[in-house]
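Chemist: Contents of entry_22.cif (mmCIF, C-alpha atoms) are below:
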```
data_input
#
loop_
_atom_site.label_atom_id
_atom_site.label_comp_id
_atom_site.auth_asym_id
_atom_site.auth_seq_id
_atom_site.Cartn_x
_atom_site.Cartn_y
_atom_site.Cartn_z
CA MET A 569 118.60 101.65 119.14
CA LYS A 570 116.21 104.42 118.11
CA ILE A 571 112.65 103.42 117.25
CA VAL A 572 110.43 105.95 115.43
CA MET A 573 106.69 105.39 115.12
CA LEU A 574 105.41 107.58 112.30
CA GLU A 575 101.62 107.04 112.17
CA ALA A 576 100.42 106.15 115.67
CA ALA A 577 97.07 107.89 115.12
CA SER A 578 96.24 105.42 112.35
CA LEU A 579 95.90 102.71 115.01
CA GLY A 580 93.67 104.74 117.34
CA GLU A 581 94.19 106.90 120.39
CA ASP A 582 93.11 104.20 122.87
CA LEU A 583 96.20 101.98 122.54
CA ASP A 584 99.32 101.76 124.70
CA PHE A 585 102.63 101.75 122.81
CA SER A 586 104.85 102.08 125.87
CA GLY A 587 105.98 98.43 125.60
CA PHE A 588 107.99 99.34 122.49
CA ALA A 589 110.32 101.44 124.67
CA LYS A 590 111.78 98.26 126.19
CA TYR A 591 113.78 97.81 122.99
CA GLY A 592 115.24 101.27 122.53
CA GLU A 593 114.62 105.00 122.54
CA LEU A 594 111.02 105.46 121.37
CA VAL A 595 109.76 108.51 119.48
CA ILE A 596 106.07 108.61 118.56
CA TYR A 597 104.41 110.82 115.94
CA GLY A 598 100.65 110.75 115.47
CA LYS A 599 100.85 111.56 111.78
CA THR A 600 103.72 112.04 109.34
CA THR A 601 103.66 113.45 105.83
CA ARG A 602 105.98 112.36 103.05
CA GLU A 603 107.78 115.69 103.38
CA GLN A 604 108.29 115.28 107.14
CA CYS A 605 109.46 111.67 106.95
CA PRO A 606 113.15 112.03 105.93
CA GLU A 607 114.03 114.31 108.84
CA ARG A 608 112.07 112.31 111.39
CA ILE A 609 113.78 109.02 110.53
CA ARG A 610 117.26 110.37 109.80
CA GLU A 611 118.76 108.70 112.92
CA ALA A 612 116.29 105.83 113.27
CA ASP A 613 117.33 102.19 113.50
CA VAL A 614 113.73 100.97 113.32
CA ILE A 615 110.63 102.68 111.99
CA LEU A 616 106.98 101.72 112.34
CA ALA A 617 104.62 102.93 109.62
CA ASN A 618 101.21 102.11 108.22
CA LYS A 619 100.24 103.81 104.93
CA LEU A 620 103.13 106.22 104.39
CA MET A 621 104.97 105.45 101.16
CA LEU A 622 108.46 104.23 102.03
CA ASP A 623 110.86 104.41 99.08
CA GLN A 624 114.14 106.02 98.18
CA GLY A 625 112.59 109.47 98.51
CA THR A 626 111.57 108.94 102.12
CA LEU A 627 114.25 106.46 103.23
CA GLY A 628 117.30 107.73 101.37
CA GLN A 629 118.73 109.81 104.22
CA ALA A 630 118.10 107.22 106.95
CA GLU A 631 121.63 105.86 107.11
CA ASN A 632 121.13 103.84 110.31
CA LEU A 633 117.85 102.20 109.27
CA LYS A 634 117.82 98.45 109.71
CA LEU A 635 114.14 97.49 109.99
CA ILE A 636 110.75 98.71 108.79
CA CYS A 637 107.84 97.41 110.84
CA VAL A 638 104.64 97.79 108.85
CA THR A 639 101.74 98.14 111.26
CA ALA A 640 99.47 96.10 108.99
CA THR A 641 99.47 92.99 106.81
CA GLY A 642 99.86 94.57 103.38
CA VAL A 643 103.25 96.00 102.42
CA ASN A 644 102.17 97.80 99.23
CA ASN A 645 103.48 101.05 100.74
CA VAL A 646 107.08 99.78 100.89
CA ASP A 647 109.47 99.70 97.93
CA LEU A 648 110.75 96.22 98.74
CA ASP A 649 113.39 96.26 96.01
CA TYR A 650 114.87 99.45 97.41
CA ALA A 651 114.74 98.09 100.97
CA LYS A 652 116.56 94.93 99.87
CA SER A 653 119.20 96.96 98.03
CA ARG A 654 119.92 98.82 101.27
CA GLY A 655 119.81 95.71 103.47
CA ILE A 656 116.79 97.07 105.32
CA GLY A 657 114.52 94.39 106.73
CA VAL A 658 110.75 94.62 106.40
CA ALA A 659 108.35 92.92 108.81
CA ASN A 660 104.56 92.94 108.77
CA VAL A 661 101.80 91.74 111.09
CA ALA A 662 99.41 89.06 109.87
CA GLY A 663 96.40 87.36 111.38
CA TYR A 664 95.50 90.04 113.90
CA SER A 665 92.27 91.09 112.19
CA THR A 666 90.86 87.80 110.90
CA ALA A 667 87.93 87.67 113.31
CA SER A 668 87.23 91.39 113.00
CA VAL A 669 87.16 91.46 109.18
CA ALA A 670 85.06 88.29 108.98
CA GLN A 671 82.58 89.79 111.43
CA HIS A 672 82.37 93.04 109.47
CA THR A 673 81.81 91.10 106.25
CA PHE A 674 78.56 89.76 107.65
CA ALA A 675 77.61 93.12 109.16
CA LEU A 676 77.89 94.61 105.67
CA TYR A 677 75.88 91.78 104.16
CA PHE A 678 72.99 91.98 106.60
CA TYR A 679 72.76 95.76 106.41
CA VAL A 680 72.04 95.73 102.69
CA ALA A 681 70.44 92.30 102.32
CA GLU A 682 67.87 92.88 105.06
CA LYS A 683 67.35 96.59 104.26
CA LEU A 684 68.15 97.47 107.86
CA ARG A 685 68.39 101.23 107.35
CA TYR A 686 64.91 101.29 105.80
CA PHE A 687 63.35 99.39 108.70
CA ASP A 688 65.23 101.42 111.32
CA GLU A 689 64.03 104.67 109.79
CA TYR A 690 60.51 103.29 109.42
CA VAL A 691 60.33 102.73 113.16
CA LYS A 692 62.14 105.90 114.26
CA SER A 693 60.05 108.10 111.98
CA GLY A 694 56.93 107.15 113.91
CA ALA A 695 55.45 105.34 110.92
CA TYR A 696 55.38 102.02 112.77
CA ALA A 697 53.63 103.54 115.79
CA ALA A 698 51.02 104.94 113.41
CA SER A 699 50.60 101.68 111.51
CA ASP A 700 47.53 99.46 111.72
CA THR A 701 49.55 96.26 111.18
CA PHE A 702 52.16 94.48 113.28
CA SER A 703 54.76 94.15 110.50
CA ASN A 704 56.08 95.80 107.35
CA LEU A 705 56.50 93.66 104.24
CA LYS A 706 57.30 96.43 101.76
CA GLU A 707 61.00 95.53 101.53
CA PRO A 708 61.28 91.74 101.06
CA PHE A 709 64.53 89.98 101.90
CA SER A 710 65.84 86.43 101.66
CA GLN A 711 67.38 84.06 104.15
CA LEU A 712 70.96 82.89 103.74
CA GLU A 713 70.25 79.21 104.22
CA GLY A 714 70.46 77.35 100.93
CA LYS A 715 72.35 80.13 99.15
CA THR A 716 75.82 79.98 97.57
CA TRP A 717 78.48 82.25 99.03
CA GLY A 718 81.40 82.84 96.66
CA ILE A 719 84.74 83.87 98.14
CA ILE A 720 87.56 85.60 96.28
CA GLY A 721 90.76 84.67 98.10
CA LEU A 722 90.64 81.77 100.53
CA GLY A 723 93.32 82.92 102.93
CA ALA A 724 92.82 83.18 106.68
CA ILE A 725 89.97 85.70 106.43
CA GLY A 726 88.33 84.02 103.44
CA THR A 727 88.42 80.68 105.23
CA ARG A 728 86.81 82.20 108.34
CA VAL A 729 84.07 83.73 106.19
CA ALA A 730 83.51 80.38 104.49
CA ALA A 731 83.03 78.69 107.86
CA LEU A 732 80.59 81.37 109.01
CA ALA A 733 78.68 81.14 105.74
CA GLU A 734 78.37 77.39 106.25
CA ALA A 735 77.04 78.00 109.76
CA PHE A 736 74.21 79.99 108.15
CA GLY A 737 73.48 77.05 105.85
CA CYS A 738 75.28 78.33 102.76
CA ARG A 739 77.30 76.41 100.23
CA ALA A 740 80.73 78.08 100.27
CA VAL A 741 82.83 78.10 97.09
CA TYR A 742 85.98 80.03 96.20
CA TYR A 743 88.21 81.40 93.47
CA SER A 744 91.97 81.82 93.82
CA SER A 745 93.55 84.39 91.51
CA SER A 746 97.04 83.14 92.35
CA GLY A 747 96.21 79.46 92.33
CA ALA A 748 97.90 79.15 95.73
CA ASP A 749 94.76 78.79 97.83
CA ARG A 750 93.81 75.13 98.15
CA ASN A 751 91.30 73.81 100.65
CA PRO A 752 89.60 70.47 99.96
CA ARG A 753 86.74 71.40 102.27
CA TYR A 754 85.43 73.95 99.77
CA GLN A 755 84.87 73.70 96.03
CA ARG A 756 87.24 75.77 93.93
CA LEU A 757 85.68 77.34 90.84
CA GLU A 758 86.83 79.40 87.92
CA LEU A 759 85.81 83.03 88.30
CA SER A 760 83.11 82.86 85.63
CA GLU A 761 81.51 79.87 87.36
CA LEU A 762 81.66 81.51 90.78
CA LEU A 763 80.04 84.70 89.50
CA ARG A 764 77.29 82.73 87.75
CA ASP A 765 76.45 80.53 90.74
CA SER A 766 76.88 82.79 93.77
CA ASP A 767 74.18 84.67 95.65
CA VAL A 768 76.85 86.53 97.61
CA VAL A 769 80.38 87.33 96.41
CA SER A 770 82.87 88.60 98.99
CA VAL A 771 86.43 89.71 98.24
CA HIS A 772 89.25 88.88 100.68
CA ALA A 773 92.19 88.90 98.27
CA PRO A 774 95.32 91.09 98.34
CA LEU A 775 95.99 93.64 95.64
CA THR A 776 98.20 92.08 92.97
CA PRO A 777 98.51 92.50 89.20
CA ALA A 778 96.08 89.56 88.92
CA THR A 779 93.42 91.14 91.16
CA GLU A 780 93.67 94.82 90.19
CA LYS A 781 90.38 95.80 88.52
CA LEU A 782 89.27 92.18 88.75
CA PHE A 783 85.68 93.38 89.14
CA THR A 784 84.57 95.43 86.16
CA TYR A 785 81.13 96.26 84.81
CA GLU A 786 81.37 93.21 82.55
CA ARG A 787 82.12 90.96 85.51
CA PHE A 788 79.21 92.38 87.51
CA CYS A 789 76.97 91.62 84.53
CA ARG A 790 77.89 87.94 84.90
CA MET A 791 76.49 87.84 88.43
CA LYS A 792 72.90 87.12 89.40
CA PRO A 793 70.64 90.21 89.43
CA SER A 794 69.76 89.17 93.00
CA ALA A 795 73.40 88.90 94.13
CA VAL A 796 75.13 90.95 96.83
CA PHE A 797 78.75 92.00 96.27
CA ILE A 798 81.09 92.72 99.21
CA ASN A 799 84.66 94.03 99.13
CA VAL A 800 86.77 93.98 102.30
CA GLY A 801 90.00 93.20 100.41
CA ARG A 802 91.55 96.17 98.60
CA GLY A 803 89.78 99.03 96.85
CA PRO A 804 91.54 98.87 93.47
CA ILE A 805 90.24 95.32 92.98
CA VAL A 806 86.97 97.02 91.95
CA ASP A 807 86.45 99.36 89.01
CA GLU A 808 84.28 101.91 90.80
CA PRO A 809 82.62 103.49 87.72
CA GLY A 810 81.79 99.96 86.57
CA LEU A 811 80.21 99.14 89.94
CA LEU A 812 78.14 102.32 89.82
CA ARG A 813 76.84 101.44 86.37
CA ALA A 814 76.02 97.90 87.49
CA LEU A 815 74.04 99.24 90.46
CA GLU A 816 72.21 101.82 88.35
CA GLU A 817 71.27 99.21 85.77
CA LYS A 818 70.36 96.67 88.50
CA LYS A 819 72.83 94.11 87.22
CA ILE A 820 73.33 93.19 90.88
CA ALA A 821 71.02 93.70 93.85
CA ALA A 822 73.43 95.46 96.19
CA ALA A 823 77.04 96.17 97.08
CA ALA A 824 78.82 96.79 100.36
CA LEU A 825 82.38 98.10 100.52
CA ASP A 826 84.88 98.76 103.29
CA VAL A 827 87.73 99.68 100.95
CA LEU A 828 88.01 102.14 98.08
CA GLU A 829 90.47 102.89 95.31
CA LYS A 830 91.52 106.09 97.09
CA GLU A 831 91.40 106.46 100.87
CA PRO A 832 90.17 108.77 102.30
CA MET A 833 87.40 108.72 99.70
CA ALA A 834 87.88 111.16 96.85
CA ALA A 835 85.32 113.96 96.72
CA ASP A 836 84.59 113.06 93.10
CA ASN A 837 84.24 109.31 93.68
CA PRO A 838 81.46 108.20 91.32
CA LEU A 839 79.85 106.02 94.00
CA LEU A 840 78.81 109.14 95.93
CA LYS A 841 76.16 109.61 93.26
CA PHE A 842 74.37 106.48 94.45
CA GLN A 843 72.49 107.37 97.63
CA ASP A 844 70.21 104.37 98.10
CA SER A 845 71.47 102.73 101.31
CA ARG A 846 69.31 99.68 100.66
CA ARG A 847 71.58 98.87 97.73
CA LEU A 848 74.95 100.44 98.55
CA LEU A 849 76.80 100.67 101.84
CA ILE A 850 80.33 102.05 102.21
CA THR A 851 82.22 102.03 105.50
CA PRO A 852 85.55 103.90 105.93
CA HIS A 853 88.04 101.01 106.04
CA ILE A 854 87.06 99.90 109.54
CA ALA A 855 86.67 96.13 109.14
CA TRP A 856 90.12 95.52 110.68
CA ALA A 857 89.67 97.95 113.54
CA SER A 858 87.82 96.25 116.37
CA ARG A 859 89.41 97.13 119.70
CA GLU A 860 90.53 93.54 120.17
CA SER A 861 92.23 93.32 116.77
CA ARG A 862 94.09 96.59 117.31
CA GLN A 863 95.28 95.44 120.73
CA LEU A 864 96.49 92.18 119.18
CA LEU A 865 98.25 94.19 116.48
CA VAL A 866 100.23 96.10 119.11
CA ARG A 867 101.25 92.86 120.81
CA LYS A 868 102.43 91.41 117.51
CA LEU A 869 104.40 94.57 116.72
CA GLU A 870 106.14 94.26 120.06
CA GLU A 871 106.96 90.62 119.25
CA ASN A 872 108.55 91.79 115.99
CA LEU A 873 110.66 94.35 117.85
CA LYS A 874 111.69 91.80 120.46
CA SER A 875 112.70 89.31 117.79
CA PHE A 876 114.76 91.92 115.95
CA ALA A 877 116.48 93.03 119.17
CA GLU A 878 117.44 89.41 119.83
CA GLY A 879 118.71 88.83 116.30
CA GLY A 880 115.60 87.06 115.03
CA ARG A 881 113.55 87.48 111.86
CA LEU A 882 109.96 87.10 113.07
CA ASN A 883 107.38 88.03 110.38
CA ARG A 884 110.07 89.26 108.03
CA ILE A 885 109.09 89.83 104.41
CA CYS A 886 112.70 90.51 103.53
#
```
The structure in this file should be written as structure tokens.

Modeler:
Amino acid sequence: MKIVMLEAASLGEDLDFSGFAKYGELVIYGKTTREQCPERIREADVILANKLMLDQGTLGQAENLKLICVTATGVNNVDLDYAKSRGIGVANVAGYSTASVAQHTFALYFYVAEKLRYFDEYVKSGAYAASDTFSNLKEPFSQLEGKTWGIIGLGAIGTRVAALAEAFGCRAVYYSSSGADRNPRYQRLELSELLRDSDVVSVHAPLTPATEKLFTYERFCRMKPSAVFINVGRGPIVDEPGLLRALEEKKIAAAALDVLEKEPMAADNPLLKFQDSRRLLITPHIAWASRESRQLLVRKLEENLKSFAEGGRLNRIC
């Protein structure tokens, strides 16, 4: 069979995809545009893609196509109804980035909560060397112990974050937009209660009709003025103009984001107006991308290909 990888560069240039060739003729493209896609996959039996929109417009001429391997967990980029109508299977990869995203969640928190950029610049500027005191208490911060950490979406990543928060001495609580998340170890709250009680709110939910624009200006106003908001879920869960207003009006203490409504970031994104790194940190969708998680992703993709070649349905969405 012919296997076409359309967006290899999205997984990094330090990975080895040669194992995929055990299951057929392998063609690798670093990047593929929507316009290039139909011709590149015309004869493909299997395609691997990440963010490229796969619908009738891109898939319509691929008469041999039998399987789409999404090189991520989310399948928002695939028209599943169209794939089903064509008998095209769709498989994703889950669980590869749990440790990486949980780790980055806390990296984001500590950067803003402990004002790390301020203290780093204070030292590197020479101000500390010129100081007559051993410390700098101009930017107070709080310890995590005794705080409440509210989690939106208690899936694999949310559960890992809850456990880490507990290790720091936090009370971990959660809200499930779908109602499907149930874990007796942690208290489940309604959203209004979680926003009222939490010192930290971190988002680990998928993008669904129930979570799109879940966090608006009005919702931020229900949080503590001392609270830190973190989003490592999906960008459209947050209304970005509403977040900017909440930061400007000090409705919350700080926000840290790894995902945005449009990626790469739009040049006119309203959050670019807010330049105070003590209160806003944005990273370019890297929480998932530790070297170890990307290597695990490749192994899981190969498992999906092996299963398909042997007539199996490993990690199939449809």

Chemist: Quick check on the file I pasted: which residues fall under the PyMOL selection byres ((chain A and resi 740) around 7)? Write them as a ChimeraX atom specification.

Modeler: /A:716-718,730,733-734,738-739,741-742,754

Chemist: Find the residues of range 648-695 of chain A that sit at most 8 Å from range 725-728 of chain A; for each, write down the nearest two atoms and how far apart they are in Å, to one decimal. Count only C-alpha atoms. Sort by chain, then by number going up, and give it as CSV.

Modeler:
```
residue,atom,partner,partner_atom,distance
A:Thr666,CA,A:Ile725,CA,5.0
A:Ala667,CA,A:Ile725,CA,7.4
A:Val669,CA,A:Ile725,CA,7.0
A:Ala670,CA,A:Ile725,CA,6.1
```

Chemist: With a distance cut-off of 10 Å and all atoms listed in the file, select the neighbouring residues of Ser794 in chain A, excluding the residue or stretch itself and same-chain residues fewer than 3 positions from it, and output the selection as a ChimeraX atom specification.

Modeler: /A:681,710,766-768,791,797,818-822

Chemist: Go ahead and save the picked residues with C-alpha atoms, as a tab-separated table (two decimals), in the frame of the given file.

Modeler:
```tsv
chain	number	residue	atom	x	y	z
A	681	ALA	CA	70.44	92.30	102.32
A	710	SER	CA	65.84	86.43	101.66
A	766	SER	CA	76.88	82.79	93.77
A	767	ASP	CA	74.18	84.67	95.65
A	768	VAL	CA	76.85	86.53	97.61
A	791	MET	CA	76.49	87.84	88.43
A	797	PHE	CA	78.75	92.00	96.27
A	818	LYS	CA	70.36	96.67	88.50
A	819	LYS	CA	72.83	94.11	87.22
A	820	ILE	CA	73.33	93.19	90.88
A	821	ALA	CA	71.02	93.70	93.85
A	822	ALA	CA	73.43	95.46	96.19
```

Chemist: Enumerate, in order of chain and increasing residue number, the residues of range 641-740 of chain A with an atom no farther than 10 Å from range 850-871 of chain A, each with its shortest atom pair and distance in Å to one decimal, counting only C-alpha atoms, as JSON lines.

Modeler:
```
{"residue": "A:Thr641", "atom": "CA", "partner": "A:Leu865", "partner_atom": "CA", "distance": 9.8}
{"residue": "A:Ala659", "atom": "CA", "partner": "A:Leu869", "partner_atom": "CA", "distance": 9.0}
{"residue": "A:Asn660", "atom": "CA", "partner": "A:Leu869", "partner_atom": "CA", "distance": 8.1}
{"residue": "A:Val661", "atom": "CA", "partner": "A:Lys868", "partner_atom": "CA", "distance": 6.5}
{"residue": "A:Ala662", "atom": "CA", "partner": "A:Leu865", "partner_atom": "CA", "distance": 8.4}
{"residue": "A:Gly663", "atom": "CA", "partner": "A:Leu865", "partner_atom": "CA", "distance": 8.7}
{"residue": "A:Tyr664", "atom": "CA", "partner": "A:Ser861", "partner_atom": "CA", "distance": 5.4}
{"residue": "A:Ser665", "atom": "CA", "partner": "A:Ser861", "partner_atom": "CA", "distance": 5.1}
{"residue": "A:Thr666", "atom": "CA", "partner": "A:Trp856", "partner_atom": "CA", "distance": 7.8}
{"residue": "A:Ala667", "atom": "CA", "partner": "A:Ser861", "partner_atom": "CA", "distance": 7.9}
{"residue": "A:Ser668", "atom": "CA", "partner": "A:Trp856", "partner_atom": "CA", "distance": 5.5}
{"residue": "A:Val669", "atom": "CA", "partner": "A:Ala855", "partner_atom": "CA", "distance": 4.7}
{"residue": "A:Ala670", "atom": "CA", "partner": "A:Ala855", "partner_atom": "CA", "distance": 8.0}
{"residue": "A:Gln671", "atom": "CA", "partner": "A:Ala855", "partner_atom": "CA", "distance": 7.9}
{"residue": "A:His672", "atom": "CA", "partner": "A:Ala855", "partner_atom": "CA", "distance": 5.3}
{"residue": "A:Thr673", "atom": "CA", "partner": "A:Ala855", "partner_atom": "CA", "distance": 7.6}
{"residue": "A:Ala675", "atom": "CA", "partner": "A:Ala855", "partner_atom": "CA", "distance": 9.5}
{"residue": "A:Leu676", "atom": "CA", "partner": "A:Ile850", "partner_atom": "CA", "distance": 8.6}
```

Chemist: So, with only C-alpha atoms as the atoms that count, which of A:Val691, A:Arg787, A:Ile656, A:Leu574 lies closest to Leu633 in chain A?

Modeler: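 Of the candidates, the smallest distance to Leu633 in chain A is held by A:Ile656.
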
Chemist: Interatomic distance between CA of Leu840 in chain A and CA of Ser578 in chain A?

Modeler: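 Straight-line distance from CA of Leu840 in chain A to CA of Ser578 in chain A works out to 24.2 Å.
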
Chemist: For a quick check of understanding, using all atoms listed in the file, which of A:Phe788, A:Tyr743, A:Phe588, A:Phe736 has the smallest distance to Gly723 in chain A?

Modeler: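 For Gly723 in chain A, the nearest of the candidates is A:Tyr743.
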
Chemist: Rounded to one decimal in Å, what is the spacing between CA of Ile596 in chain A and CA of Val643 in chain A?

Modeler: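 According to the coordinates, CA of Ile596 in chain A and CA of Val643 in chain A are separated by 20.7 Å.
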
Chemist: Translate the PyMOL selection byres ((chain A and resi 600) around 10) into a concrete residue list for this structure, as a VMD selection string.

Modeler: chain A and resid 573 to 577 597 to 599 601 to 605 608 617 619 to 620

Chemist: Decode the PyMOL selection byres ((chain A and resi 650) around 10) for the given file into explicit residues and return them as JSON, numbers by chain.

Modeler: {"A": [622, 623, 624, 627, 628, 646, 647, 648, 649, 651, 652, 653, 654, 655, 656]}

Chemist: For Ala731 in chain A, which residue out of A:Leu825, A:Val806, A:Leu762, A:Ile719 is the nearest one, using only C-alpha atoms?

Modeler: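 Among A:Leu825, A:Val806, A:Leu762, A:Ile719, it is A:Ile719 that comes nearest to Ala731 in chain A.
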
Chemist: Step by step: start from the point (65.5, 100.6, 103.8) in the file's coordinates, keep every protein, DNA or RNA residue that has an atom no farther than 12 Å from it, count only C-alpha atoms, and write the set as a ChimeraX atom specification.

Modeler: /A:678-691,704-709,843-849

Chemist: Find the spatial neighbours of Phe876 in chain A, counting only C-alpha atoms, within a cut-off of 10 Å - ignore same-chain residues fewer than 2 positions away - and output them as an MDAnalysis selection string.

Modeler: chainID A and resid 591 614 634:635 657 659 870:874 878:882 884

Chemist: Between CA of Lys792 in chain A and CA of Lys830 in chain A, what distance in Å does the model show, to one decimal?

Modeler: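 Result for CA of Lys792 in chain A versus CA of Lys830 in chain A: 27.7 Å, one decimal.
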
Chemist: Set the distance at 7 Å and use only C-alpha atoms: which residues neighbour Glu593 in chain A once local chain neighbours fewer than 4 positions away are removed? I'd like the list as a list in words.

Modeler: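 The filter keeps Met569, Lys570, Ile571 and Ala589 of chain A.
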
Chemist: Any chance you could export the current selection's C-alpha atoms as a PDB file, in the frame of the given file?

Modeler:
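Saved file selection_21.pdb follows:
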```pdb
ATOM      1  CA  MET A 569     118.600 101.650 119.140  1.00  0.00           C
ATOM      2  CA  LYS A 570     116.210 104.420 118.110  1.00  0.00           C
ATOM      3  CA  ILE A 571     112.650 103.420 117.250  1.00  0.00           C
ATOM      4  CA  ALA A 589     110.320 101.440 124.670  1.00  0.00           C
TER       5      ALA A 589
END
```

Chemist: Could you complete range 829-843 of chain A so that it carries N, CA and C atoms, and give it back as a PDB file, in the coordinates of the input?

Modeler:
```pdb
ATOM      1  N   GLU A 829      89.251 102.719  96.098  1.00  0.00           N
ATOM      2  CA  GLU A 829      90.470 102.890  95.310  1.00  0.00           C
ATOM      3  C   GLU A 829      91.363 103.963  95.912  1.00  0.00           C
ATOM      4  N   LYS A 830      90.768 105.031  96.416  1.00  0.00           N
ATOM      5  CA  LYS A 830      91.520 106.090  97.090  1.00  0.00           C
ATOM      6  C   LYS A 830      90.948 106.277  98.477  1.00  0.00           C
ATOM      7  N   GLU A 831      91.834 106.297  99.480  1.00  0.00           N
ATOM      8  CA  GLU A 831      91.400 106.460 100.870  1.00  0.00           C
ATOM      9  C   GLU A 831      92.238 107.544 101.541  1.00  0.00           C
ATOM     10  N   PRO A 832      91.610 108.564 102.181  1.00  0.00           N
ATOM     11  CA  PRO A 832      90.170 108.770 102.300  1.00  0.00           C
ATOM     12  C   PRO A 832      89.486 108.878 100.929  1.00  0.00           C
ATOM     13  N   MET A 833      88.186 108.717 100.935  1.00  0.00           N
ATOM     14  CA  MET A 833      87.400 108.720  99.700  1.00  0.00           C
ATOM     15  C   MET A 833      87.565 110.043  98.964  1.00  0.00           C
ATOM     16  N   ALA A 834      87.772 109.954  97.672  1.00  0.00           N
ATOM     17  CA  ALA A 834      87.880 111.160  96.850  1.00  0.00           C
ATOM     18  C   ALA A 834      86.529 111.862  96.768  1.00  0.00           C
ATOM     19  N   ALA A 835      86.566 113.183  96.766  1.00  0.00           N
ATOM     20  CA  ALA A 835      85.320 113.960  96.720  1.00  0.00           C
ATOM     21  C   ALA A 835      84.549 113.710  95.430  1.00  0.00           C
ATOM     22  N   ASP A 836      85.253 113.313  94.380  1.00  0.00           N
ATOM     23  CA  ASP A 836      84.590 113.060  93.100  1.00  0.00           C
ATOM     24  C   ASP A 836      84.396 111.563  92.833  1.00  0.00           C
ATOM     25  N   ASN A 837      84.466 110.740  93.871  1.00  0.00           N
ATOM     26  CA  ASN A 837      84.240 109.310  93.680  1.00  0.00           C
ATOM     27  C   ASN A 837      82.853 109.090  93.088  1.00  0.00           C
ATOM     28  N   PRO A 838      82.753 108.364  91.989  1.00  0.00           N
ATOM     29  CA  PRO A 838      81.460 108.200  91.320  1.00  0.00           C
ATOM     30  C   PRO A 838      80.406 107.518  92.192  1.00  0.00           C
ATOM     31  N   LEU A 839      80.830 106.734  93.168  1.00  0.00           N
ATOM     32  CA  LEU A 839      79.850 106.020  94.000  1.00  0.00           C
ATOM     33  C   LEU A 839      79.070 106.953  94.911  1.00  0.00           C
ATOM     34  N   LEU A 840      79.566 108.173  95.122  1.00  0.00           N
ATOM     35  CA  LEU A 840      78.810 109.140  95.930  1.00  0.00           C
ATOM     36  C   LEU A 840      77.502 109.542  95.264  1.00  0.00           C
ATOM     37  N   LYS A 841      77.408 109.283  93.966  1.00  0.00           N
ATOM     38  CA  LYS A 841      76.160 109.610  93.260  1.00  0.00           C
ATOM     39  C   LYS A 841      75.034 108.658  93.628  1.00  0.00           C
ATOM     40  N   PHE A 842      75.374 107.511  94.178  1.00  0.00           N
ATOM     41  CA  PHE A 842      74.370 106.480  94.450  1.00  0.00           C
ATOM     42  C   PHE A 842      74.018 106.535  95.937  1.00  0.00           C
ATOM     43  N   GLN A 843      72.856 107.077  96.242  1.00  0.00           N
ATOM     44  CA  GLN A 843      72.490 107.370  97.630  1.00  0.00           C
ATOM     45  C   GLN A 843      71.532 106.376  98.257  1.00  0.00           C
TER      46      GLN A 843
END
```
